[in-house]
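Everything below belongs to work-v2.cif, which stores mmCIF, C-alpha atoms.
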data_my_file
#
loop_
_atom_site.label_atom_id
_atom_site.label_comp_id
_atom_site.auth_asym_id
_atom_site.auth_seq_id
_atom_site.Cartn_x
_atom_site.Cartn_y
_atom_site.Cartn_z
CA MET A 1 242.13 -61.86 -40.14
CA ALA A 2 242.87 -59.91 -36.97
CA ARG A 3 242.27 -56.17 -37.10
CA PRO A 4 245.47 -54.06 -37.07
CA THR A 5 246.20 -52.34 -33.77
CA ARG A 6 245.41 -48.65 -33.97
CA CYS A 7 248.13 -46.20 -32.92
CA ARG A 8 247.20 -44.31 -29.75
CA ARG A 9 247.53 -40.52 -29.92
CA ILE A 10 249.49 -38.98 -27.06
CA CYS A 11 250.02 -35.28 -26.39
CA ARG A 12 253.40 -35.31 -24.74
CA GLN A 13 256.28 -37.54 -23.84
CA PRO A 14 257.02 -38.12 -20.12
CA ASP A 15 259.33 -35.69 -18.35
CA TYR A 16 260.91 -38.69 -16.57
CA ASP A 17 261.82 -42.01 -18.14
CA GLY A 18 261.82 -44.13 -15.01
CA PHE A 19 261.51 -44.46 -11.24
CA HIS A 20 263.04 -46.83 -8.73
CA PRO A 21 262.52 -47.53 -5.00
CA ASN A 22 264.47 -45.15 -2.76
CA GLY A 23 267.53 -46.78 -1.23
CA ILE A 24 266.97 -50.10 -2.98
CA SER A 25 268.82 -51.46 -6.00
CA SER A 26 265.85 -53.22 -7.55
CA GLN A 27 266.62 -56.20 -9.75
CA GLU A 28 263.13 -56.31 -11.23
CA MET A 29 261.96 -53.87 -13.90
CA ILE A 30 258.43 -53.08 -15.04
CA THR A 31 257.91 -51.31 -18.36
CA LEU A 32 255.01 -48.87 -18.56
CA THR A 33 254.39 -48.06 -22.23
CA LEU A 34 253.82 -44.47 -23.35
CA ASP A 35 250.18 -45.16 -24.24
CA GLU A 36 249.66 -46.64 -20.76
CA TYR A 37 251.36 -43.58 -19.27
CA GLU A 38 249.02 -41.34 -21.28
CA THR A 39 245.88 -42.99 -19.89
CA ILE A 40 247.19 -42.47 -16.35
CA ARG A 41 247.92 -38.82 -17.15
CA LEU A 42 244.57 -38.13 -18.77
CA ILE A 43 242.30 -40.05 -16.38
CA ASP A 44 244.05 -39.69 -13.01
CA LEU A 45 245.71 -36.29 -13.43
CA GLU A 46 243.59 -34.43 -16.00
CA LYS A 47 240.38 -36.05 -14.61
CA LEU A 48 239.00 -37.06 -18.01
CA THR A 49 236.37 -39.77 -18.21
CA HIS A 50 237.15 -42.95 -20.14
CA VAL A 51 234.98 -41.67 -23.00
CA GLN A 52 236.84 -38.34 -23.10
CA CYS A 53 240.18 -40.16 -22.89
CA ALA A 54 239.17 -42.38 -25.81
CA GLU A 55 238.29 -39.31 -27.90
CA GLN A 56 241.60 -37.68 -27.01
CA MET A 57 243.66 -40.77 -27.87
CA CYS A 58 241.59 -41.59 -31.00
CA ILE A 59 240.73 -45.11 -29.83
CA SER A 60 237.67 -46.88 -28.44
CA LYS A 61 236.46 -46.63 -24.84
CA THR A 62 236.97 -50.39 -24.46
CA THR A 63 240.61 -50.07 -25.53
CA VAL A 64 241.15 -47.18 -23.11
CA THR A 65 239.77 -49.26 -20.26
CA GLU A 66 242.07 -52.18 -21.12
CA ILE A 67 245.15 -49.93 -21.35
CA TYR A 68 244.23 -48.06 -18.15
CA GLU A 69 243.72 -51.26 -16.13
CA SER A 70 247.06 -52.62 -17.35
CA ALA A 71 248.78 -49.34 -16.44
CA ARG A 72 247.26 -49.20 -12.94
CA GLU A 73 248.29 -52.80 -12.26
CA LYS A 74 251.89 -52.06 -13.29
CA VAL A 75 252.07 -48.92 -11.14
CA ALA A 76 250.62 -50.80 -8.16
CA ASP A 77 253.08 -53.68 -8.64
CA SER A 78 255.95 -51.18 -8.71
CA ILE A 79 254.83 -49.32 -5.57
CA VAL A 80 253.78 -52.31 -3.48
CA ASN A 81 256.52 -54.75 -4.45
CA GLY A 82 259.40 -52.29 -4.82
CA LYS A 83 260.05 -52.87 -8.52
CA ALA A 84 261.76 -50.29 -10.73
CA LEU A 85 259.46 -48.66 -13.29
CA GLU A 86 260.62 -47.71 -16.79
CA ILE A 87 258.48 -45.69 -19.22
CA ALA A 88 259.22 -46.77 -22.78
CA GLY A 89 257.79 -48.19 -25.97
CA GLY A 90 254.17 -48.81 -26.88
CA ASN A 91 251.98 -48.35 -29.93
CA TYR A 92 251.59 -44.58 -30.20
CA ARG A 93 251.94 -41.45 -32.29
CA PHE A 94 252.46 -37.90 -31.12
CA CYS A 95 249.55 -35.47 -31.48
CA ASP A 96 249.78 -32.96 -34.33
CA GLY A 97 247.66 -30.34 -32.57
CA MET A 98 244.47 -31.16 -34.49
CA GLU A 99 241.12 -29.57 -33.65
CA THR A 100 239.89 -32.55 -31.63
CA CYS A 101 242.79 -32.31 -29.17
CA ARG A 102 241.69 -31.02 -25.76
CA PHE A 103 245.19 -29.70 -25.06
CA ARG A 104 245.97 -27.94 -28.34
CA SER A 105 247.77 -24.96 -26.81
CA SER A 106 250.30 -27.06 -24.90
CA CYS A 107 250.31 -29.80 -27.51
CA GLN A 108 251.32 -27.41 -30.30
CA LYS A 109 254.40 -26.44 -28.26
CA GLN A 110 255.23 -30.09 -27.70
CA VAL A 111 254.86 -30.91 -31.39
CA GLY A 112 257.32 -28.16 -32.20
CA GLU A 113 259.83 -29.68 -29.79
CA ILE A 114 259.45 -33.23 -31.14
CA SER A 115 260.39 -32.82 -34.76
CA SER A 116 261.03 -35.73 -37.09
CA PRO A 117 264.61 -36.47 -38.10
CA ALA A 118 265.75 -33.93 -40.69
CA ILE A 119 266.64 -36.58 -43.25
CA GLU A 120 265.06 -37.46 -46.56
CA ALA A 121 263.17 -40.66 -47.26
CA LYS A 122 265.60 -43.42 -48.15
CA GLY A 123 265.71 -45.40 -51.37
CA GLU A 124 264.18 -48.85 -51.70
CA ASN A 125 267.60 -50.54 -51.68
CA THR A 126 269.14 -48.33 -49.01
CA MET A 127 270.05 -49.59 -45.54
CA ARG A 128 270.06 -46.84 -42.91
CA ILE A 129 272.29 -47.21 -39.84
CA ALA A 130 272.13 -44.96 -36.75
CA VAL A 131 274.81 -44.69 -34.06
CA THR A 132 274.48 -42.95 -30.68
CA TYR A 133 276.95 -40.12 -31.18
CA GLU A 134 279.14 -37.65 -29.31
CA ASN A 135 282.37 -36.06 -30.59
CA GLY A 136 283.01 -38.82 -33.10
CA GLU A 137 282.53 -41.59 -30.52
CA ILE A 138 279.68 -43.97 -29.72
CA PHE A 139 277.77 -42.41 -26.83
CA GLN A 140 277.37 -45.01 -24.09
CA HIS A 141 273.81 -44.38 -22.82
CA PHE A 142 271.10 -44.76 -25.45
CA GLY A 143 268.39 -42.97 -23.47
CA HIS A 144 270.52 -39.85 -22.86
CA THR A 145 272.08 -39.47 -26.29
CA GLU A 146 271.73 -35.97 -27.73
CA ALA A 147 272.51 -36.99 -31.30
CA PHE A 148 272.69 -39.88 -33.74
CA LYS A 149 275.02 -40.18 -36.67
CA VAL A 150 273.09 -41.66 -39.57
CA TYR A 151 274.67 -43.57 -42.44
CA ASP A 152 272.94 -44.52 -45.70
CA VAL A 153 274.41 -47.65 -47.25
CA GLU A 154 273.94 -48.98 -50.78
CA ASP A 155 275.68 -52.04 -52.21
CA GLY A 156 277.73 -52.31 -49.02
CA LYS A 157 279.10 -48.76 -49.32
CA ILE A 158 278.32 -45.61 -47.34
CA VAL A 159 276.75 -43.09 -49.71
CA ASN A 160 275.63 -40.45 -47.21
CA GLU A 161 276.33 -39.41 -43.59
CA GLN A 162 274.47 -36.98 -41.34
CA VAL A 163 274.36 -36.07 -37.65
CA ILE A 164 270.85 -35.40 -36.31
CA GLY A 165 269.85 -34.10 -32.86
CA THR A 166 267.28 -35.85 -30.68
CA ASN A 167 265.62 -32.62 -29.49
CA GLY A 168 266.07 -33.70 -25.88
CA GLN A 169 263.96 -36.83 -26.23
CA GLY A 170 264.58 -39.67 -23.77
CA HIS A 171 264.20 -43.46 -23.61
CA GLY A 172 260.50 -43.70 -24.27
CA ALA A 173 260.39 -41.62 -27.44
CA LEU A 174 263.69 -42.47 -29.13
CA ALA A 175 262.49 -45.70 -30.75
CA GLY A 176 259.68 -43.77 -32.43
CA PHE A 177 262.15 -41.03 -33.38
CA LEU A 178 264.37 -43.61 -35.12
CA SER A 179 261.42 -45.35 -36.73
CA GLN A 180 260.26 -42.06 -38.24
CA GLY A 181 263.76 -41.68 -39.67
CA GLN A 182 263.48 -45.11 -41.36
CA ILE A 183 266.40 -46.54 -39.39
CA ASP A 184 267.15 -50.23 -40.02
CA VAL A 185 270.10 -50.76 -37.67
CA LEU A 186 271.14 -49.13 -34.38
CA ILE A 187 274.66 -49.36 -32.96
CA CYS A 188 275.05 -48.14 -29.36
CA GLY A 189 276.60 -48.74 -25.94
CA GLY A 190 274.35 -49.38 -22.92
CA ILE A 191 270.60 -49.68 -23.44
CA GLY A 192 267.71 -50.66 -21.16
CA GLY A 193 265.32 -53.55 -21.63
CA GLY A 194 262.31 -51.35 -22.34
CA ALA A 195 264.15 -49.52 -25.10
CA GLN A 196 265.31 -52.84 -26.54
CA ASN A 197 261.71 -54.03 -26.73
CA ALA A 198 260.59 -50.76 -28.31
CA LEU A 199 263.29 -51.04 -30.98
CA ALA A 200 262.35 -54.65 -31.68
CA ASN A 201 258.69 -53.65 -32.07
CA ALA A 202 259.78 -50.94 -34.52
CA GLY A 203 261.72 -53.50 -36.56
CA ILE A 204 265.11 -51.93 -35.81
CA LYS A 205 268.05 -54.34 -35.48
CA LEU A 206 270.12 -53.61 -32.36
CA TYR A 207 273.87 -53.98 -31.84
CA GLY A 208 274.64 -52.92 -28.25
CA GLY A 209 277.71 -52.88 -26.05
CA VAL A 210 279.89 -51.19 -28.68
CA CYS A 211 282.54 -48.55 -27.90
CA GLY A 212 284.96 -46.38 -29.84
CA SER A 213 284.74 -44.50 -33.11
CA ALA A 214 281.28 -44.36 -34.69
CA ASP A 215 282.72 -44.40 -38.21
CA GLU A 216 284.94 -47.40 -37.48
CA ALA A 217 282.05 -49.29 -35.90
CA VAL A 218 279.92 -48.86 -39.02
CA LYS A 219 282.80 -49.96 -41.24
CA ALA A 220 283.29 -53.04 -39.05
CA PHE A 221 279.55 -53.78 -39.23
CA LEU A 222 279.57 -53.61 -43.01
CA ALA A 223 282.59 -55.91 -43.08
CA GLY A 224 280.86 -58.38 -40.77
CA LYS A 225 283.47 -57.82 -38.05
CA LEU A 226 281.63 -55.68 -35.51
CA GLU A 227 282.15 -56.86 -31.93
CA TYR A 228 278.99 -56.35 -29.89
CA ASN A 229 277.08 -57.85 -26.99
CA PRO A 230 273.56 -59.13 -27.86
CA ASN A 231 272.75 -59.21 -24.13
CA GLU A 232 273.89 -55.65 -23.38
CA MET A 233 271.71 -54.07 -20.70
CA CYS A 234 271.94 -50.65 -19.11
CA ASN A 235 271.18 -50.95 -15.40
CA HIS A 236 271.25 -47.21 -14.72
CA HIS A 237 267.73 -47.21 -13.26
CA GLY A 238 268.95 -49.02 -10.18
CA HIS A 239 271.73 -46.54 -9.41
CA GLY A 240 271.89 -43.24 -7.65
CA GLU A 241 272.58 -39.84 -9.16
CA GLY A 242 276.32 -40.43 -9.27
CA HIS A 243 276.05 -43.30 -11.74
CA ASN A 244 277.66 -42.65 -15.11
CA CYS A 245 276.38 -44.78 -17.97
CA GLY A 246 279.64 -44.12 -19.76
CA GLU A 247 281.06 -46.78 -17.40
CA HIS A 248 279.60 -49.66 -19.41
CA THR A 249 282.12 -52.31 -20.33
CA CYS A 250 282.58 -52.75 -24.06
CA HIS A 251 282.56 -56.20 -25.56
#
Represent the structure of the file as structure tokens.
Amino acid sequence: MARPTRCRRICRQPDYDGFHPNGISSQEMITLTLDEYETIRLIDLEKLTHVQCAEQMCISKTTVTEIYESAREKVADSIVNGKALEIAGGNYRFCDGMETCRFRSSCQKQVGEISSPAIEAKGENTMRIAVTYENGEIFQHFGHTEAFKVYDVEDGKIVNEQVIGTNGQGHGALAGFLSQGQIDVLICGGIGGGAQNALANAGIKLYGGVCGSADEAVKAFLAGKLEYNPNEMCNHHGHGEGHNCGEHTCH
């Protein structure tokens, strides 16, 4: 039996969720996972050795080397071949400021900013649905949503509703945020490929390309009548600053 993959400890989420070539609308996207990003940060920026990086991330030196080489190859491919780079997903957990962390002072601040969803553990027979949310409507850019409306469903009926903030988290961390909240289903508008992969890895069923009232969308989902686009893709990374992800077409 294969050994389970160990979660990689990271101290902070990226300040930026993607980069793209200046003046070029790149059609190719590379996804750098958050654990790959962390090895680049620790080794190339913080100047840690591979052994020190392994201790910081709570994994083996061999694993660090594999992750680091993969990360460097992706960054090089992006720079040399003009491919857009998205930072999202991966097998990771945020540091809790434990004694072995080399960056405890800054990490403790980060931990305070990245709180788990303020919702209780769900029942065994409860389905939990999250919707990107703003003023009663489905917010149209997953990675920039400031809140989710969460619905607990039992026997096909909504038994509890709650709006939770994302604490300013972006693309790369939101899948983990939802996973911590025991979300089973996500309904949203536009969403990038990296975030889609991260949600799939977290076991969260995605229904993208949906517009309108959040409440009505959930009711339609429960009735089996929700109109969505399984191929919905947010291409905001290839646009300039004036791009508005609220412009996605709803299906």
Ranking A:Glu146, A:Gly194, A:Val64, A:Glu120 by minimum distance to A:Gln162 and counting only C-alpha atoms, which one comes first? A:Glu120
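Residues in contact with A:Lys61 at up to 12 Å, not including ones fewer than 5 positions away on its chain and judged by all atoms listed in the file, are Thr39, Thr49, His50, Val51, Gln52, Cys53, Ala54, Glu55, Gln56, Glu66, Ile67 and Tyr68 of chain A.
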Which residues fall under the PyMOL selection byres ((chain A and resi 195) around 12) in this file, as a PyMOL selection string? chain A and resi 17-18+31-34+86-90+141-144+170-176+178+186+188+190-194+196-202+204+206+208+232-234
Identify the residues within 12 Å of coordinate (282.9, -43.3, -29.7) (same frame as the file), considering all atoms listed in the file, and give the answer as a ChimeraX atom specification. /A:131-141,145,148-149,187-189,209-218,246,250
Excluding A:Arg93 and its own-chain neighbours fewer than 4 positions away, which residues fall within 9 Å of it when counting only C-alpha atoms? Please give them as a PDB file with C-alpha atoms, keeping the file's coordinate frame.
ATOM      1  CA  CYS A   7     248.130 -46.200 -32.920  1.00  0.00           C
ATOM      2  CA  ARG A   8     247.200 -44.310 -29.750  1.00  0.00           C
ATOM      3  CA  ARG A   9     247.530 -40.520 -29.920  1.00  0.00           C
ATOM      4  CA  ILE A  10     249.490 -38.980 -27.060  1.00  0.00           C
ATOM      5  CA  CYS A  11     250.020 -35.280 -26.390  1.00  0.00           C
ATOM      6  CA  GLY A 176     259.680 -43.770 -32.430  1.00  0.00           C
TER       7      GLY A 176
END
As a PyMOL selection string, please: the residues near A:Gly203 (cut-off 9 Å, all atoms listed in the file, same-chain neighbours under 6 positions excluded). chain A and resi 179+183-185
All residues 10 Å or closer to A:Ser78, only C-alpha atoms, same chain fewer than 3 positions away omitted, as a PyMOL selection string: chain A and resi 19-21+28-31+72-75+81-86
Pick from A:Ile79, A:Ile129, A:Leu45, A:Ile24: nearest to A:Ile158, with all atoms listed in the file counted? A:Ile129
Report the centre and edge lengths, in Å to one decimal, of an axis-aligned box enclosing every atom of stretch 201-207 of chain A listed in the file, padded by 5 Å on each side, as AutoDock Vina command-line options.
--center_x 266.3 --center_y -52.6 --center_z -34.2 --size_x 25.2 --size_y 13.4 --size_z 14.7
Please identify all polymer residues within 10 Å of A:Gly123, counting only C-alpha atoms, omitting same-chain residues fewer than 3 positions from it, and present them as a PyMOL selection string. chain A and resi 120+126-128+152-154
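Of note, atom CA of A:Asn91 and atom CA of A:Asn231 are spaced 24.1 Å apart.
We find atom CA of A:Tyr16 and atom CA of A:Lys47 to be spaced 20.8 Å apart.
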Pairwise distance, atom CA of A:Glu69 with atom CA of A:Ile40, equals 9.5 Å
Could you add the missing atoms to stretch 170-191 of chain A, up to N, CA and C atoms, and return them as a JSON list (two decimals), keeping the file's coordinate frame?
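File out.json, as written:
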[["chain", "number", "residue", "atom", "x", "y", "z"],
["A", 170, "GLY", "N", 263.99, -38.63, -24.60],
["A", 170, "GLY", "CA", 264.58, -39.67, -23.77],
["A", 170, "GLY", "C", 264.16, -41.05, -24.20],
["A", 171, "HIS", "N", 264.41, -42.05, -23.31],
["A", 171, "HIS", "CA", 264.20, -43.46, -23.61],
["A", 171, "HIS", "C", 262.90, -43.75, -24.35],
["A", 172, "GLY", "N", 261.80, -43.29, -23.77],
["A", 172, "GLY", "CA", 260.50, -43.70, -24.27],
["A", 172, "GLY", "C", 260.20, -43.29, -25.68],
["A", 173, "ALA", "N", 260.73, -42.14, -26.12],
["A", 173, "ALA", "CA", 260.39, -41.62, -27.44],
["A", 173, "ALA", "C", 261.43, -41.91, -28.52],
["A", 174, "LEU", "N", 262.62, -42.34, -28.15],
["A", 174, "LEU", "CA", 263.69, -42.47, -29.13],
["A", 174, "LEU", "C", 263.44, -43.56, -30.16],
["A", 175, "ALA", "N", 262.77, -44.64, -29.77],
["A", 175, "ALA", "CA", 262.49, -45.70, -30.75],
["A", 175, "ALA", "C", 261.57, -45.16, -31.84],
["A", 176, "GLY", "N", 260.56, -44.37, -31.44],
["A", 176, "GLY", "CA", 259.68, -43.77, -32.43],
["A", 176, "GLY", "C", 260.41, -42.75, -33.29],
["A", 177, "PHE", "N", 261.32, -42.01, -32.67],
["A", 177, "PHE", "CA", 262.15, -41.03, -33.38],
["A", 177, "PHE", "C", 262.95, -41.72, -34.48],
["A", 178, "LEU", "N", 263.57, -42.86, -34.15],
["A", 178, "LEU", "CA", 264.37, -43.61, -35.12],
["A", 178, "LEU", "C", 263.49, -44.24, -36.18],
["A", 179, "SER", "N", 262.33, -44.73, -35.78],
["A", 179, "SER", "CA", 261.42, -45.35, -36.73],
["A", 179, "SER", "C", 260.96, -44.34, -37.77],
["A", 180, "GLN", "N", 260.66, -43.12, -37.31],
["A", 180, "GLN", "CA", 260.26, -42.06, -38.24],
["A", 180, "GLN", "C", 261.38, -41.76, -39.24],
["A", 181, "GLY", "N", 262.62, -41.92, -38.80],
["A", 181, "GLY", "CA", 263.76, -41.68, -39.67],
["A", 181, "GLY", "C", 264.12, -42.87, -40.55],
["A", 182, "GLN", "N", 263.29, -43.91, -40.54],
["A", 182, "GLN", "CA", 263.48, -45.11, -41.36],
["A", 182, "GLN", "C", 264.81, -45.81, -41.07],
["A", 183, "ILE", "N", 265.17, -45.87, -39.79],
["A", 183, "ILE", "CA", 266.40, -46.54, -39.39],
["A", 183, "ILE", "C", 266.21, -48.05, -39.41],
["A", 184, "ASP", "N", 267.19, -48.76, -39.97],
["A", 184, "ASP", "CA", 267.15, -50.23, -40.02],
["A", 184, "ASP", "C", 268.00, -50.85, -38.93],
["A", 185, "VAL", "N", 269.12, -50.20, -38.60],
["A", 185, "VAL", "CA", 270.10, -50.76, -37.67],
["A", 185, "VAL", "C", 270.53, -49.68, -36.68],
["A", 186, "LEU", "N", 270.62, -50.04, -35.40],
["A", 186, "LEU", "CA", 271.14, -49.13, -34.38],
["A", 186, "LEU", "C", 272.37, -49.74, -33.74],
["A", 187, "ILE", "N", 273.45, -48.97, -33.66],
["A", 187, "ILE", "CA", 274.66, -49.36, -32.96],
["A", 187, "ILE", "C", 274.80, -48.43, -31.76],
["A", 188, "CYS", "N", 274.98, -48.99, -30.55],
["A", 188, "CYS", "CA", 275.05, -48.14, -29.36],
["A", 188, "CYS", "C", 275.85, -48.83, -28.27],
["A", 189, "GLY", "N", 275.94, -48.17, -27.11],
["A", 189, "GLY", "CA", 276.60, -48.74, -25.94],
["A", 189, "GLY", "C", 275.56, -49.39, -25.05],
["A", 190, "GLY", "N", 275.33, -48.83, -23.84],
["A", 190, "GLY", "CA", 274.35, -49.38, -22.92],
["A", 190, "GLY", "C", 272.94, -49.00, -23.32],
["A", 191, "ILE", "N", 272.00, -49.94, -23.09],
["A", 191, "ILE", "CA", 270.60, -49.68, -23.44],
["A", 191, "ILE", "C", 269.70, -50.54, -22.55]]
